[in-house]
Amino acid sequence: MNIIISGISCSGKTTISNEIPASLHFEQDWYFKDKKEIPLTRKGYLFDSPNAFHMSEFKNDVENLLEQGIVLVPNYDIKTNTRISKTKKVTSKNINIFEGLHTISELKHIRDSIKVFMDTPLEECLKRRIQRDTIYGISEQEIIRYFYEVMLPMYKSYIEPQKEYADFIIKGDEDKQCLLKKFQIYY
């Protein structure tokens with residue numbers, strides 16, 4: 001079984017992925033381009049744009065994993081926004097979870113997959129983003145500005161439209177628990 005999870009940054013994609021035991025957790029974030037290659041506007045880097053990722057490589061690696069059962073994936077350092085190497089070995093499991101900002105739009109063609117969209121309230125995503133990014137020394141004011149001026153336009157343009165292709169839309173903990181119960185038959 002393949003589970004494809006999309007949603008805005010800090011919507012809970014990784015959290016729900018980690019709650020499904022005995023699964024492979026395959027992250028689109030491993031395929032970020034180096035910061036100097038990510039599109040930049042006067043308002044900031046477009047980290048949430050599909051152009052911020054090595055998308056062809058991501059799709060090829062997913063397909064190779066599903067065909068061959070094993071693939072080497074990049075090691076990406078989020079603190080420095082650079083790829084270190086491509087030596088991390090990943091092996092397919094009974095449940096493969098592919099999660100990231102654009103995974104539904106990029107992997108909707110994969111057979112035997114369940115597509116999940118995390119529709120977490122934007123205020124909650126911003127709160128989580130503040131908690132996460134202040135650790136990196138970014139001010140709360142800068143995080144709020146970036147969220148509204150850069151992230152939300154990317155969300156509206158590229159991420160939110162994936163809801164149309166989702167088999168499940170998770171709006172809160174009750175939806176999440178219901179979905180996790182459905183997945184229990186596979187593990």
# chains A, B, ... in the order shown; residues from 1 in each chain; ligands from 1
>>> select_by_dssp(residues="segment 10-171 of chain A", states="helix (DSSP H, G or I)", output="MDAnalysis selection string")
chainID A and resid 13:18 28:31 35:37 50:52 55:68 103:107 122:136 140:165
>>> residues_around(residues="Ile169 of chain A", least_positions_apart="6", cutoff="12 Å", atoms="only C-alpha atoms", output="list in words")
Ile4, Ile5, Ser6, Gly7, Ser11, Lys13, Ile114, Lys115, Val116, Phe117, Met118, Asp119, Thr120, Glu160, Gln162, Lys163, Asp175, Lys176, Cys178 and Leu179 of chain A
>>> write_last_selection(atoms="C-alpha atoms", output="mmCIF file, in the first residue's frame")
data_model
loop_
_atom_site.group_PDB
_atom_site.id
_atom_site.type_symbol
_atom_site.label_atom_id
_atom_site.label_comp_id
_atom_site.auth_asym_id
_atom_site.auth_seq_id
_atom_site.Cartn_x
_atom_site.Cartn_y
_atom_site.Cartn_z
ATOM 1 C CA ILE A 4 0.599 9.945 -0.394
ATOM 2 C CA ILE A 5 0.266 12.865 2.032
ATOM 3 C CA SER A 6 0.241 16.556 1.064
ATOM 4 C CA GLY A 7 -0.519 19.808 2.858
ATOM 5 C CA SER A 11 0.110 20.877 8.736
ATOM 6 C CA LYS A 13 2.212 15.495 7.399
ATOM 7 C CA ILE A 114 -4.371 6.441 -0.965
ATOM 8 C CA LYS A 115 -4.064 10.210 -1.243
ATOM 9 C CA VAL A 116 -4.423 12.237 1.970
ATOM 10 C CA PHE A 117 -4.586 16.027 2.200
ATOM 11 C CA MET A 118 -3.841 17.654 5.553
ATOM 12 C CA ASP A 119 -6.292 20.564 5.757
ATOM 13 C CA THR A 120 -5.096 21.890 9.104
ATOM 14 C CA GLU A 160 -4.410 23.649 -1.829
ATOM 15 C CA GLN A 162 -4.309 19.037 -4.489
ATOM 16 C CA LYS A 163 -7.435 18.623 -2.328
ATOM 17 C CA ASP A 175 -10.407 12.811 11.081
ATOM 18 C CA LYS A 176 -6.826 11.726 11.700
ATOM 19 C CA CYS A 178 -10.501 7.738 11.873
ATOM 20 C CA LEU A 179 -7.963 7.433 9.045
#
>>> select_by_dssp(residues="segment 26-71 of chain A", states="strand (DSSP E)", output="PyMOL selection string")
chain A and resi 26-27+40-41+44-45+70-71
>>> write_last_selection(atoms="C-alpha atoms", output="short mmCIF file (atom, residue, chain, number, x, y, z; two decimals), in the first residue's frame")
data_model
loop_
_atom_site.label_atom_id
_atom_site.label_comp_id
_atom_site.auth_asym_id
_atom_site.auth_seq_id
_atom_site.Cartn_x
_atom_site.Cartn_y
_atom_site.Cartn_z
CA PHE A 26 9.76 8.90 2.20
CA GLU A 27 10.06 12.70 2.35
CA LEU A 40 13.89 34.19 -4.80
CA THR A 41 11.55 37.19 -4.87
CA GLY A 44 11.79 35.89 0.19
CA TYR A 45 12.78 32.44 -1.02
CA ILE A 70 15.38 -0.17 -2.98
CA VAL A 71 16.78 3.24 -3.89
#
>>> atom_distance(atom1="atom CA of Pro121 of chain A", atom2="atom CA of Phe58 of chain A")
27.9 Å
>>> residues_around(residues="Tyr146 of chain A", least_positions_apart="6", cutoff="12 Å", atoms="only C-alpha atoms", output="ChimeraX atom specification")
/A:41-48,126,129-130,133,138-140,152-154
>>> write_last_selection(atoms="all heavy atoms", output="compact mmCIF listing (two decimals), in the first residue's frame")
# COMPACT_ATOMS: atom_id res chain seq x y z
N THR A 41 12.24 35.95 -4.52
CA THR A 41 11.55 37.19 -4.87
C THR A 41 11.96 38.24 -3.85
O THR A 41 12.67 37.94 -2.88
CB THR A 41 10.01 37.02 -4.81
OG1 THR A 41 9.62 36.82 -3.44
CG2 THR A 41 9.55 35.84 -5.66
N ARG A 42 11.50 39.44 -4.03
CA ARG A 42 11.84 40.50 -3.06
C ARG A 42 11.25 40.21 -1.68
O ARG A 42 11.72 40.74 -0.68
CB ARG A 42 11.42 41.87 -3.57
CG ARG A 42 9.95 42.02 -3.82
CD ARG A 42 9.60 43.42 -4.37
NE ARG A 42 8.22 43.49 -4.73
CZ ARG A 42 7.22 43.63 -3.88
NH1 ARG A 42 7.45 43.71 -2.59
NH2 ARG A 42 5.97 43.69 -4.30
N LYS A 43 10.25 39.33 -1.62
CA LYS A 43 9.63 38.98 -0.34
C LYS A 43 10.29 37.78 0.34
O LYS A 43 10.06 37.53 1.50
CB LYS A 43 8.14 38.70 -0.54
CG LYS A 43 7.38 39.95 -0.95
CD LYS A 43 5.92 39.67 -1.11
CE LYS A 43 5.21 40.95 -1.54
NZ LYS A 43 3.78 40.75 -1.69
N GLY A 44 11.10 37.02 -0.41
CA GLY A 44 11.79 35.89 0.19
C GLY A 44 11.92 34.70 -0.75
O GLY A 44 11.42 34.72 -1.88
N TYR A 45 12.60 33.68 -0.26
CA TYR A 45 12.78 32.44 -1.02
C TYR A 45 11.44 31.71 -1.11
O TYR A 45 10.68 31.66 -0.16
CB TYR A 45 13.81 31.54 -0.35
CG TYR A 45 15.22 32.00 -0.54
CD1 TYR A 45 15.85 32.81 0.40
CD2 TYR A 45 15.93 31.65 -1.70
CE1 TYR A 45 17.15 33.25 0.22
CE2 TYR A 45 17.22 32.09 -1.89
CZ TYR A 45 17.83 32.88 -0.94
OH TYR A 45 19.11 33.31 -1.13
N LEU A 46 11.19 31.10 -2.27
CA LEU A 46 9.95 30.38 -2.50
C LEU A 46 10.14 28.89 -2.20
O LEU A 46 10.04 28.04 -3.08
CB LEU A 46 9.48 30.59 -3.95
CG LEU A 46 9.27 32.05 -4.36
CD1 LEU A 46 8.81 32.12 -5.81
CD2 LEU A 46 8.28 32.75 -3.45
N PHE A 47 10.39 28.59 -0.94
CA PHE A 47 10.62 27.21 -0.51
C PHE A 47 9.40 26.32 -0.74
O PHE A 47 9.54 25.10 -0.83
CB PHE A 47 11.02 27.15 0.97
CG PHE A 47 12.40 27.61 1.26
CD1 PHE A 47 12.63 28.84 1.84
CD2 PHE A 47 13.49 26.81 0.95
CE1 PHE A 47 13.92 29.28 2.12
CE2 PHE A 47 14.79 27.23 1.22
CZ PHE A 47 15.00 28.47 1.80
N ASP A 48 8.21 26.90 -0.80
CA ASP A 48 6.99 26.11 -0.97
C ASP A 48 6.58 25.95 -2.43
O ASP A 48 5.55 25.35 -2.73
CB ASP A 48 5.84 26.73 -0.17
CG ASP A 48 6.05 26.63 1.32
OD1 ASP A 48 7.15 26.25 1.74
OD2 ASP A 48 5.12 26.94 2.07
N LEU A 126 0.59 28.23 11.28
CA LEU A 126 1.46 29.37 11.62
C LEU A 126 2.01 29.22 13.03
O LEU A 126 3.21 29.44 13.26
CB LEU A 126 0.69 30.69 11.48
CG LEU A 126 1.45 31.94 11.92
CD1 LEU A 126 2.75 32.10 11.15
CD2 LEU A 126 0.56 33.17 11.77
N ARG A 129 4.69 26.73 12.93
CA ARG A 129 5.84 27.28 12.20
C ARG A 129 6.66 28.19 13.10
O ARG A 129 7.89 28.16 13.09
CB ARG A 129 5.33 28.04 10.96
CG ARG A 129 6.38 28.62 10.06
CD ARG A 129 6.92 27.55 9.13
NE ARG A 129 7.98 28.10 8.31
CZ ARG A 129 8.21 27.75 7.08
NH1 ARG A 129 7.46 26.86 6.49
NH2 ARG A 129 9.19 28.27 6.41
N ILE A 130 5.99 29.00 13.90
CA ILE A 130 6.68 29.89 14.84
C ILE A 130 7.47 29.05 15.84
O ILE A 130 8.64 29.34 16.10
CB ILE A 130 5.68 30.84 15.54
CG1 ILE A 130 5.14 31.86 14.52
CG2 ILE A 130 6.32 31.53 16.73
CD1 ILE A 130 3.94 32.66 15.02
N ASP A 133 10.52 27.45 13.78
CA ASP A 133 11.54 28.30 13.16
C ASP A 133 12.23 29.25 14.12
O ASP A 133 13.34 29.71 13.83
CB ASP A 133 10.95 29.08 11.98
CG ASP A 133 10.68 28.17 10.78
OD1 ASP A 133 10.95 26.96 10.88
OD2 ASP A 133 10.21 28.68 9.75
N ILE A 138 15.08 32.69 13.88
CA ILE A 138 14.24 33.59 13.07
C ILE A 138 13.22 34.24 14.00
O ILE A 138 12.59 33.56 14.81
CB ILE A 138 13.54 32.81 11.94
CG1 ILE A 138 14.59 32.08 11.08
CG2 ILE A 138 12.69 33.75 11.09
CD1 ILE A 138 13.99 31.10 10.08
N SER A 139 13.05 35.54 13.86
CA SER A 139 12.12 36.25 14.75
C SER A 139 10.67 35.90 14.42
O SER A 139 10.34 35.57 13.28
CB SER A 139 12.31 37.76 14.62
OG SER A 139 11.78 38.22 13.39
N GLU A 140 9.83 35.98 15.43
CA GLU A 140 8.41 35.70 15.24
C GLU A 140 7.80 36.63 14.20
O GLU A 140 6.99 36.21 13.37
CB GLU A 140 7.67 35.83 16.58
CG GLU A 140 6.23 35.40 16.50
CD GLU A 140 5.54 35.34 17.85
OE1 GLU A 140 6.21 35.05 18.86
OE2 GLU A 140 4.32 35.59 17.88
N LEU A 152 1.54 31.65 2.01
CA LEU A 152 0.12 31.55 1.66
C LEU A 152 -0.12 31.66 0.16
O LEU A 152 -0.93 30.88 -0.38
CB LEU A 152 -0.71 32.58 2.42
CG LEU A 152 -1.08 32.17 3.84
CD1 LEU A 152 -2.01 33.19 4.48
CD2 LEU A 152 -1.70 30.79 3.90
N PRO A 153 0.54 32.57 -0.56
CA PRO A 153 0.34 32.58 -2.01
C PRO A 153 0.78 31.26 -2.68
O PRO A 153 0.12 30.78 -3.60
CB PRO A 153 1.20 33.75 -2.50
CG PRO A 153 1.27 34.67 -1.32
CD PRO A 153 1.30 33.76 -0.13
N MET A 154 1.88 30.66 -2.19
CA MET A 154 2.32 29.37 -2.74
C MET A 154 1.30 28.28 -2.40
O MET A 154 0.99 27.42 -3.23
CB MET A 154 3.68 28.97 -2.17
CG MET A 154 4.84 29.85 -2.57
SD MET A 154 5.26 29.71 -4.32
CE MET A 154 4.50 31.21 -4.93
>>> residues_around(residues="Lys79 of chain A", least_positions_apart="5", cutoff="12 Å", atoms="only C-alpha atoms", output="PyMOL selection string")
chain A and resi 34-35+84+132-133+135-138
>>> write_last_selection(atoms="N, CA, C and O atoms", output="compact mmCIF listing (two decimals), in the first residue's frame")
# COMPACT_ATOMS: atom_id res chain seq x y z
N ASP A 34 19.54 23.18 -3.42
CA ASP A 34 20.36 24.03 -2.57
C ASP A 34 19.75 25.43 -2.58
O ASP A 34 19.17 25.87 -3.58
N LYS A 35 19.88 26.14 -1.48
CA LYS A 35 19.24 27.45 -1.32
C LYS A 35 19.53 28.39 -2.49
O LYS A 35 18.64 29.10 -2.95
N ILE A 84 23.92 17.15 1.00
CA ILE A 84 25.22 16.67 1.44
C ILE A 84 25.70 15.55 0.53
O ILE A 84 26.84 15.53 0.10
N ARG A 132 8.64 26.06 15.48
CA ARG A 132 9.74 25.37 14.82
C ARG A 132 10.86 26.34 14.41
O ARG A 132 12.02 26.09 14.66
N ASP A 133 10.52 27.45 13.78
CA ASP A 133 11.54 28.30 13.16
C ASP A 133 12.23 29.25 14.12
O ASP A 133 13.34 29.71 13.83
N ILE A 135 13.53 28.33 16.73
CA ILE A 135 14.69 27.53 17.14
C ILE A 135 15.91 27.87 16.28
O ILE A 135 17.04 27.83 16.73
N TYR A 136 15.65 28.21 15.00
CA TYR A 136 16.73 28.55 14.07
C TYR A 136 17.13 30.02 14.15
O TYR A 136 17.90 30.50 13.33
N GLY A 137 16.59 30.74 15.13
CA GLY A 137 16.97 32.14 15.33
C GLY A 137 16.18 33.13 14.48
O GLY A 137 16.55 34.29 14.37
N ILE A 138 15.08 32.69 13.88
CA ILE A 138 14.24 33.59 13.07
C ILE A 138 13.22 34.24 14.00
O ILE A 138 12.59 33.56 14.81
